[in-house]
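Heads up, structure-v4.cif below (mmCIF, N, CA and C atoms):
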```
data_protein
loop_
_atom_site.label_atom_id
_atom_site.label_comp_id
_atom_site.auth_asym_id
_atom_site.auth_seq_id
_atom_site.Cartn_x
_atom_site.Cartn_y
_atom_site.Cartn_z
N MET P 1 106.46 54.57 149.93
CA MET P 1 106.55 55.56 148.88
C MET P 1 107.39 56.73 149.39
N ILE P 2 108.32 57.17 148.55
CA ILE P 2 109.22 58.26 148.90
C ILE P 2 109.17 59.33 147.80
N PHE P 3 109.20 60.58 148.23
CA PHE P 3 109.29 61.70 147.30
C PHE P 3 110.62 62.40 147.53
N LEU P 4 111.31 62.71 146.44
CA LEU P 4 112.56 63.45 146.48
C LEU P 4 112.27 64.81 145.86
N ILE P 5 112.23 65.86 146.70
CA ILE P 5 111.77 67.18 146.29
C ILE P 5 112.90 68.19 146.46
N PHE P 6 113.09 69.03 145.43
CA PHE P 6 114.19 70.00 145.45
C PHE P 6 113.73 71.45 145.55
N THR P 7 112.52 71.75 145.09
CA THR P 7 112.07 73.14 145.02
C THR P 7 110.73 73.34 145.73
N GLU P 8 110.45 74.59 146.06
CA GLU P 8 109.17 74.90 146.67
C GLU P 8 108.02 74.61 145.72
N GLU P 9 108.23 74.88 144.43
CA GLU P 9 107.20 74.59 143.43
C GLU P 9 106.89 73.10 143.38
N GLY P 10 107.92 72.28 143.40
CA GLY P 10 107.73 70.83 143.40
C GLY P 10 107.03 70.35 144.65
N LEU P 11 107.36 70.97 145.78
CA LEU P 11 106.72 70.62 147.04
C LEU P 11 105.23 70.94 147.01
N LEU P 12 104.90 72.12 146.52
CA LEU P 12 103.49 72.52 146.44
C LEU P 12 102.71 71.60 145.51
N GLU P 13 103.35 71.20 144.43
CA GLU P 13 102.71 70.32 143.46
C GLU P 13 102.44 68.93 144.04
N ALA P 14 103.35 68.43 144.85
CA ALA P 14 103.27 67.06 145.35
C ALA P 14 102.64 66.93 146.73
N ALA P 15 102.44 68.03 147.43
CA ALA P 15 102.04 67.98 148.85
C ALA P 15 100.78 67.15 149.10
N GLU P 16 99.77 67.33 148.28
CA GLU P 16 98.52 66.59 148.50
C GLU P 16 98.73 65.09 148.39
N GLU P 17 99.47 64.67 147.37
CA GLU P 17 99.72 63.24 147.18
C GLU P 17 100.61 62.68 148.29
N ILE P 18 101.59 63.47 148.72
CA ILE P 18 102.46 63.04 149.81
C ILE P 18 101.62 62.78 151.06
N GLU P 19 100.76 63.73 151.39
CA GLU P 19 99.93 63.57 152.58
C GLU P 19 98.95 62.41 152.44
N GLN P 20 98.35 62.28 151.27
CA GLN P 20 97.38 61.21 151.02
C GLN P 20 98.00 59.84 151.25
N HIS P 21 99.25 59.66 150.84
CA HIS P 21 99.92 58.36 150.95
C HIS P 21 100.75 58.23 152.22
N GLN P 22 100.76 59.29 153.05
CA GLN P 22 101.61 59.28 154.24
C GLN P 22 103.04 58.90 153.85
N ALA P 23 103.50 59.51 152.78
CA ALA P 23 104.79 59.16 152.20
C ALA P 23 105.95 59.80 152.97
N SER P 24 107.11 59.26 152.76
CA SER P 24 108.34 59.87 153.25
C SER P 24 108.80 60.89 152.22
N VAL P 25 109.46 61.95 152.71
CA VAL P 25 109.90 63.01 151.82
C VAL P 25 111.35 63.36 152.13
N TRP P 26 112.16 63.43 151.09
CA TRP P 26 113.52 63.94 151.19
C TRP P 26 113.52 65.30 150.52
N ILE P 27 114.07 66.30 151.19
CA ILE P 27 114.02 67.67 150.69
C ILE P 27 115.38 68.35 150.75
N ASN P 28 115.51 69.42 149.97
CA ASN P 28 116.67 70.29 150.06
C ASN P 28 116.65 71.02 151.40
N PRO P 29 117.82 71.35 151.94
CA PRO P 29 117.88 72.05 153.23
C PRO P 29 117.09 73.37 153.26
N THR P 30 117.00 74.06 152.14
CA THR P 30 116.28 75.34 152.12
C THR P 30 114.78 75.17 152.32
N LEU P 31 114.27 73.96 152.17
CA LEU P 31 112.83 73.72 152.36
C LEU P 31 112.48 73.29 153.79
N GLU P 32 113.49 73.11 154.62
CA GLU P 32 113.28 72.53 155.94
C GLU P 32 112.27 73.32 156.79
N ASN P 33 112.27 74.62 156.71
CA ASN P 33 111.36 75.42 157.54
C ASN P 33 110.12 75.88 156.79
N ASN P 34 109.81 75.22 155.69
CA ASN P 34 108.64 75.56 154.89
C ASN P 34 107.37 75.13 155.62
N THR P 35 106.33 75.95 155.54
CA THR P 35 105.05 75.65 156.19
C THR P 35 104.46 74.34 155.70
N VAL P 36 104.60 74.05 154.41
CA VAL P 36 104.06 72.79 153.86
C VAL P 36 104.76 71.60 154.52
N ILE P 37 106.06 71.70 154.71
CA ILE P 37 106.82 70.62 155.36
C ILE P 37 106.35 70.45 156.80
N GLU P 38 106.14 71.57 157.49
CA GLU P 38 105.64 71.50 158.87
C GLU P 38 104.29 70.79 158.92
N ASN P 39 103.40 71.12 157.97
CA ASN P 39 102.08 70.49 157.93
C ASN P 39 102.17 69.00 157.60
N LEU P 40 103.04 68.64 156.67
CA LEU P 40 103.22 67.23 156.32
C LEU P 40 103.76 66.45 157.52
N SER P 41 104.68 67.05 158.23
CA SER P 41 105.24 66.40 159.41
C SER P 41 104.15 66.19 160.47
N LYS P 42 103.33 67.19 160.69
CA LYS P 42 102.23 67.08 161.65
C LYS P 42 101.23 66.02 161.22
N ALA P 43 101.11 65.81 159.89
CA ALA P 43 100.17 64.80 159.36
C ALA P 43 100.76 63.39 159.43
N GLY P 44 102.00 63.27 159.88
CA GLY P 44 102.60 61.95 160.05
C GLY P 44 103.56 61.51 158.97
N CYS P 45 103.87 62.40 158.05
CA CYS P 45 104.83 62.07 156.99
C CYS P 45 106.25 62.21 157.54
N ALA P 46 107.10 61.27 157.19
CA ALA P 46 108.50 61.32 157.62
C ALA P 46 109.25 62.28 156.71
N ILE P 47 109.96 63.23 157.31
CA ILE P 47 110.71 64.23 156.55
C ILE P 47 112.20 64.02 156.79
N SER P 48 112.97 63.93 155.72
CA SER P 48 114.42 63.84 155.80
C SER P 48 115.02 64.96 154.97
N VAL P 49 116.12 65.52 155.46
CA VAL P 49 116.76 66.63 154.78
C VAL P 49 118.06 66.15 154.14
N LEU P 50 118.22 66.46 152.87
CA LEU P 50 119.46 66.12 152.17
C LEU P 50 120.63 66.87 152.80
N LEU P 51 121.82 66.30 152.74
CA LEU P 51 122.99 66.93 153.34
C LEU P 51 123.39 68.22 152.62
N ASP P 52 123.24 68.22 151.31
CA ASP P 52 123.64 69.36 150.49
C ASP P 52 122.47 69.85 149.65
N GLU P 53 122.49 71.12 149.31
CA GLU P 53 121.49 71.70 148.42
C GLU P 53 121.69 71.14 147.01
N ILE P 54 120.64 70.59 146.42
CA ILE P 54 120.72 69.99 145.10
C ILE P 54 120.03 70.90 144.09
N ASP P 55 120.73 71.18 143.00
CA ASP P 55 120.16 71.97 141.90
C ASP P 55 119.33 71.02 141.05
N ALA P 56 118.02 71.24 141.01
CA ALA P 56 117.12 70.36 140.28
C ALA P 56 117.42 70.35 138.78
N ASN P 57 118.16 71.33 138.29
CA ASN P 57 118.52 71.38 136.87
C ASN P 57 119.82 70.64 136.56
N ASN P 58 120.50 70.16 137.59
CA ASN P 58 121.76 69.46 137.41
C ASN P 58 121.51 67.96 137.50
N GLU P 59 121.45 67.31 136.35
CA GLU P 59 121.09 65.89 136.30
C GLU P 59 122.02 65.01 137.13
N LYS P 60 123.31 65.32 137.08
CA LYS P 60 124.27 64.52 137.84
C LYS P 60 124.02 64.66 139.35
N ALA P 61 123.75 65.87 139.82
CA ALA P 61 123.47 66.09 141.24
C ALA P 61 122.18 65.39 141.65
N VAL P 62 121.17 65.43 140.79
CA VAL P 62 119.90 64.76 141.08
C VAL P 62 120.12 63.25 141.19
N MET P 63 120.90 62.70 140.29
CA MET P 63 121.19 61.26 140.33
C MET P 63 121.96 60.89 141.59
N GLN P 64 122.90 61.74 142.01
CA GLN P 64 123.63 61.48 143.25
C GLN P 64 122.69 61.50 144.45
N ALA P 65 121.77 62.46 144.47
CA ALA P 65 120.79 62.53 145.57
C ALA P 65 119.92 61.28 145.57
N LEU P 66 119.47 60.85 144.39
CA LEU P 66 118.65 59.65 144.29
C LEU P 66 119.41 58.43 144.79
N THR P 67 120.67 58.31 144.41
CA THR P 67 121.50 57.19 144.87
C THR P 67 121.61 57.20 146.39
N HIS P 68 121.78 58.38 146.96
CA HIS P 68 121.86 58.49 148.43
C HIS P 68 120.55 58.04 149.08
N VAL P 69 119.43 58.52 148.56
CA VAL P 69 118.13 58.15 149.13
C VAL P 69 117.92 56.64 149.00
N GLU P 70 118.24 56.09 147.85
CA GLU P 70 118.08 54.64 147.64
C GLU P 70 118.90 53.85 148.65
N SER P 71 120.08 54.37 149.01
CA SER P 71 120.94 53.65 149.97
C SER P 71 120.40 53.70 151.39
N GLN P 72 119.44 54.59 151.64
CA GLN P 72 118.89 54.77 152.98
C GLN P 72 117.57 54.06 153.21
N THR P 73 117.07 53.35 152.18
CA THR P 73 115.74 52.75 152.30
C THR P 73 115.65 51.44 151.51
N THR P 74 114.67 50.65 151.85
CA THR P 74 114.38 49.45 151.06
C THR P 74 113.18 49.70 150.14
N ASP P 75 112.54 50.84 150.30
CA ASP P 75 111.39 51.21 149.47
C ASP P 75 111.86 51.43 148.03
N THR P 76 111.22 50.79 147.10
CA THR P 76 111.62 50.91 145.68
C THR P 76 110.78 51.91 144.91
N GLU P 77 109.76 52.44 145.54
CA GLU P 77 108.87 53.40 144.88
C GLU P 77 109.30 54.82 145.28
N ILE P 78 110.13 55.44 144.42
CA ILE P 78 110.67 56.76 144.71
C ILE P 78 110.28 57.69 143.56
N TYR P 79 109.61 58.78 143.92
CA TYR P 79 109.21 59.79 142.94
C TYR P 79 110.18 60.96 143.04
N VAL P 80 110.78 61.33 141.92
CA VAL P 80 111.78 62.38 141.89
C VAL P 80 111.22 63.60 141.17
N GLU P 81 111.34 64.76 141.80
CA GLU P 81 110.93 66.00 141.14
C GLU P 81 111.89 66.27 139.98
N LEU P 82 111.32 66.44 138.80
CA LEU P 82 112.12 66.76 137.62
C LEU P 82 111.89 68.21 137.23
N SER P 83 112.96 68.86 136.83
CA SER P 83 112.81 70.27 136.46
C SER P 83 112.39 70.43 135.02
#
```
Translate this file's structure into structure tokens.
Amino acid sequence: MIFLIFTEEGLLEAAEEIEQHQASVWINPTLENNTVIENLSKAGCAISVLLDEIDANNEKAVMQALTHVESQTTDTEIYVELS
């Protein structure tokens, strides 16, 4: 299971489920030093940082990020934060 998270609000909303499932998380670079991310990492969740900052309101950018994440994994269960 993978979560694609763009905002702090989305991260806070999904954090419990991410930890519960020991899911992988792809995040915007601005979230990299977030306390929630640090806690998820300590709990054993794999954290990956997107190369570029993605605007969650830009559908085309979100789709490009999703395509990138899909190319990096065989996991088909990907949850995308929607704005």
Next item on the list: Taking the file above as input, evaluate the PyMOL selection byres (((chain P and resi 81 and name CA) around 12) and name CA) and report the hits as a PyMOL selection string.
Entry: chain P and resi 2-15+25-28+54-59+62-63+65-66+78-80+82-83
Next item on the list: Tell me, in Å to one decimal, how far atom C of P:Cys45 is from atom C of P:Glu16.
Entry: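 Calculated distance between atom C of P:Cys45 and atom C of P:Glu16 is 12.2 Å.
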Next item on the list: Rounded to one decimal place, report the atom N of P:Glu17-atom C of P:Leu50 distance in Å.
Entry: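 Between these atoms lies a distance of 22.0 Å.
Between atom CA of P:Val36 and atom CA of P:Glu77 the separation is 21.9 Å.
Here the question is which of P:Gln64, P:Gln22, P:Thr74, P:Asn34 gets nearest to P:Leu51 using only C-alpha atoms, and that residue is P:Gln64.
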Note to self: Residues of chain P classed as helix (DSSP H, G or I) by DSSP on the backbone are to be reported as a PyMOL selection string.
What the structure shows: chain P and resi 8-21+29-31+35-42+59-71
Next item on the list: Report as a PyMOL selection string: the residues of chain P with a DSSP assignment of strand (DSSP E), based on the backbone of this structure.
Entry: chain P and resi 2-5+24-27+47-49+78-80
Using N, CA and C atoms, can you write the selected residues to a file as a PDB file, keeping the file's coordinate frame?
```
ATOM      1  N   ILE P   2     108.320  57.170 148.550  1.00  0.00           N
ATOM      2  CA  ILE P   2     109.220  58.260 148.900  1.00  0.00           C
ATOM      3  C   ILE P   2     109.170  59.330 147.800  1.00  0.00           C
ATOM      4  N   PHE P   3     109.200  60.580 148.230  1.00  0.00           N
ATOM      5  CA  PHE P   3     109.290  61.700 147.300  1.00  0.00           C
ATOM      6  C   PHE P   3     110.620  62.400 147.530  1.00  0.00           C
ATOM      7  N   LEU P   4     111.310  62.710 146.440  1.00  0.00           N
ATOM      8  CA  LEU P   4     112.560  63.450 146.480  1.00  0.00           C
ATOM      9  C   LEU P   4     112.270  64.810 145.860  1.00  0.00           C
ATOM     10  N   ILE P   5     112.230  65.860 146.700  1.00  0.00           N
ATOM     11  CA  ILE P   5     111.770  67.180 146.290  1.00  0.00           C
ATOM     12  C   ILE P   5     112.900  68.190 146.460  1.00  0.00           C
ATOM     13  N   SER P  24     107.110  59.260 152.760  1.00  0.00           N
ATOM     14  CA  SER P  24     108.340  59.870 153.250  1.00  0.00           C
ATOM     15  C   SER P  24     108.800  60.890 152.220  1.00  0.00           C
ATOM     16  N   VAL P  25     109.460  61.950 152.710  1.00  0.00           N
ATOM     17  CA  VAL P  25     109.900  63.010 151.820  1.00  0.00           C
ATOM     18  C   VAL P  25     111.350  63.360 152.130  1.00  0.00           C
ATOM     19  N   TRP P  26     112.160  63.430 151.090  1.00  0.00           N
ATOM     20  CA  TRP P  26     113.520  63.940 151.190  1.00  0.00           C
ATOM     21  C   TRP P  26     113.520  65.300 150.520  1.00  0.00           C
ATOM     22  N   ILE P  27     114.070  66.300 151.190  1.00  0.00           N
ATOM     23  CA  ILE P  27     114.020  67.670 150.690  1.00  0.00           C
ATOM     24  C   ILE P  27     115.380  68.350 150.750  1.00  0.00           C
ATOM     25  N   ILE P  47     109.960  63.230 157.310  1.00  0.00           N
ATOM     26  CA  ILE P  47     110.710  64.230 156.550  1.00  0.00           C
ATOM     27  C   ILE P  47     112.200  64.020 156.790  1.00  0.00           C
ATOM     28  N   SER P  48     112.970  63.930 155.720  1.00  0.00           N
ATOM     29  CA  SER P  48     114.420  63.840 155.800  1.00  0.00           C
ATOM     30  C   SER P  48     115.020  64.960 154.970  1.00  0.00           C
ATOM     31  N   VAL P  49     116.120  65.520 155.460  1.00  0.00           N
ATOM     32  CA  VAL P  49     116.760  66.630 154.780  1.00  0.00           C
ATOM     33  C   VAL P  49     118.060  66.150 154.140  1.00  0.00           C
ATOM     34  N   ILE P  78     110.130  55.440 144.420  1.00  0.00           N
ATOM     35  CA  ILE P  78     110.670  56.760 144.710  1.00  0.00           C
ATOM     36  C   ILE P  78     110.280  57.690 143.560  1.00  0.00           C
ATOM     37  N   TYR P  79     109.610  58.780 143.920  1.00  0.00           N
ATOM     38  CA  TYR P  79     109.210  59.790 142.940  1.00  0.00           C
ATOM     39  C   TYR P  79     110.180  60.960 143.040  1.00  0.00           C
ATOM     40  N   VAL P  80     110.780  61.330 141.920  1.00  0.00           N
ATOM     41  CA  VAL P  80     111.780  62.380 141.890  1.00  0.00           C
ATOM     42  C   VAL P  80     111.220  63.600 141.170  1.00  0.00           C
TER      43      VAL P  80
END
```
Notebook entry, point to check: Which one is closest to P:Gly44: P:Asp75, P:Glu70, P:Glu19, P:Glu32? Count all atoms listed in the file.
Noted result: P:Glu19
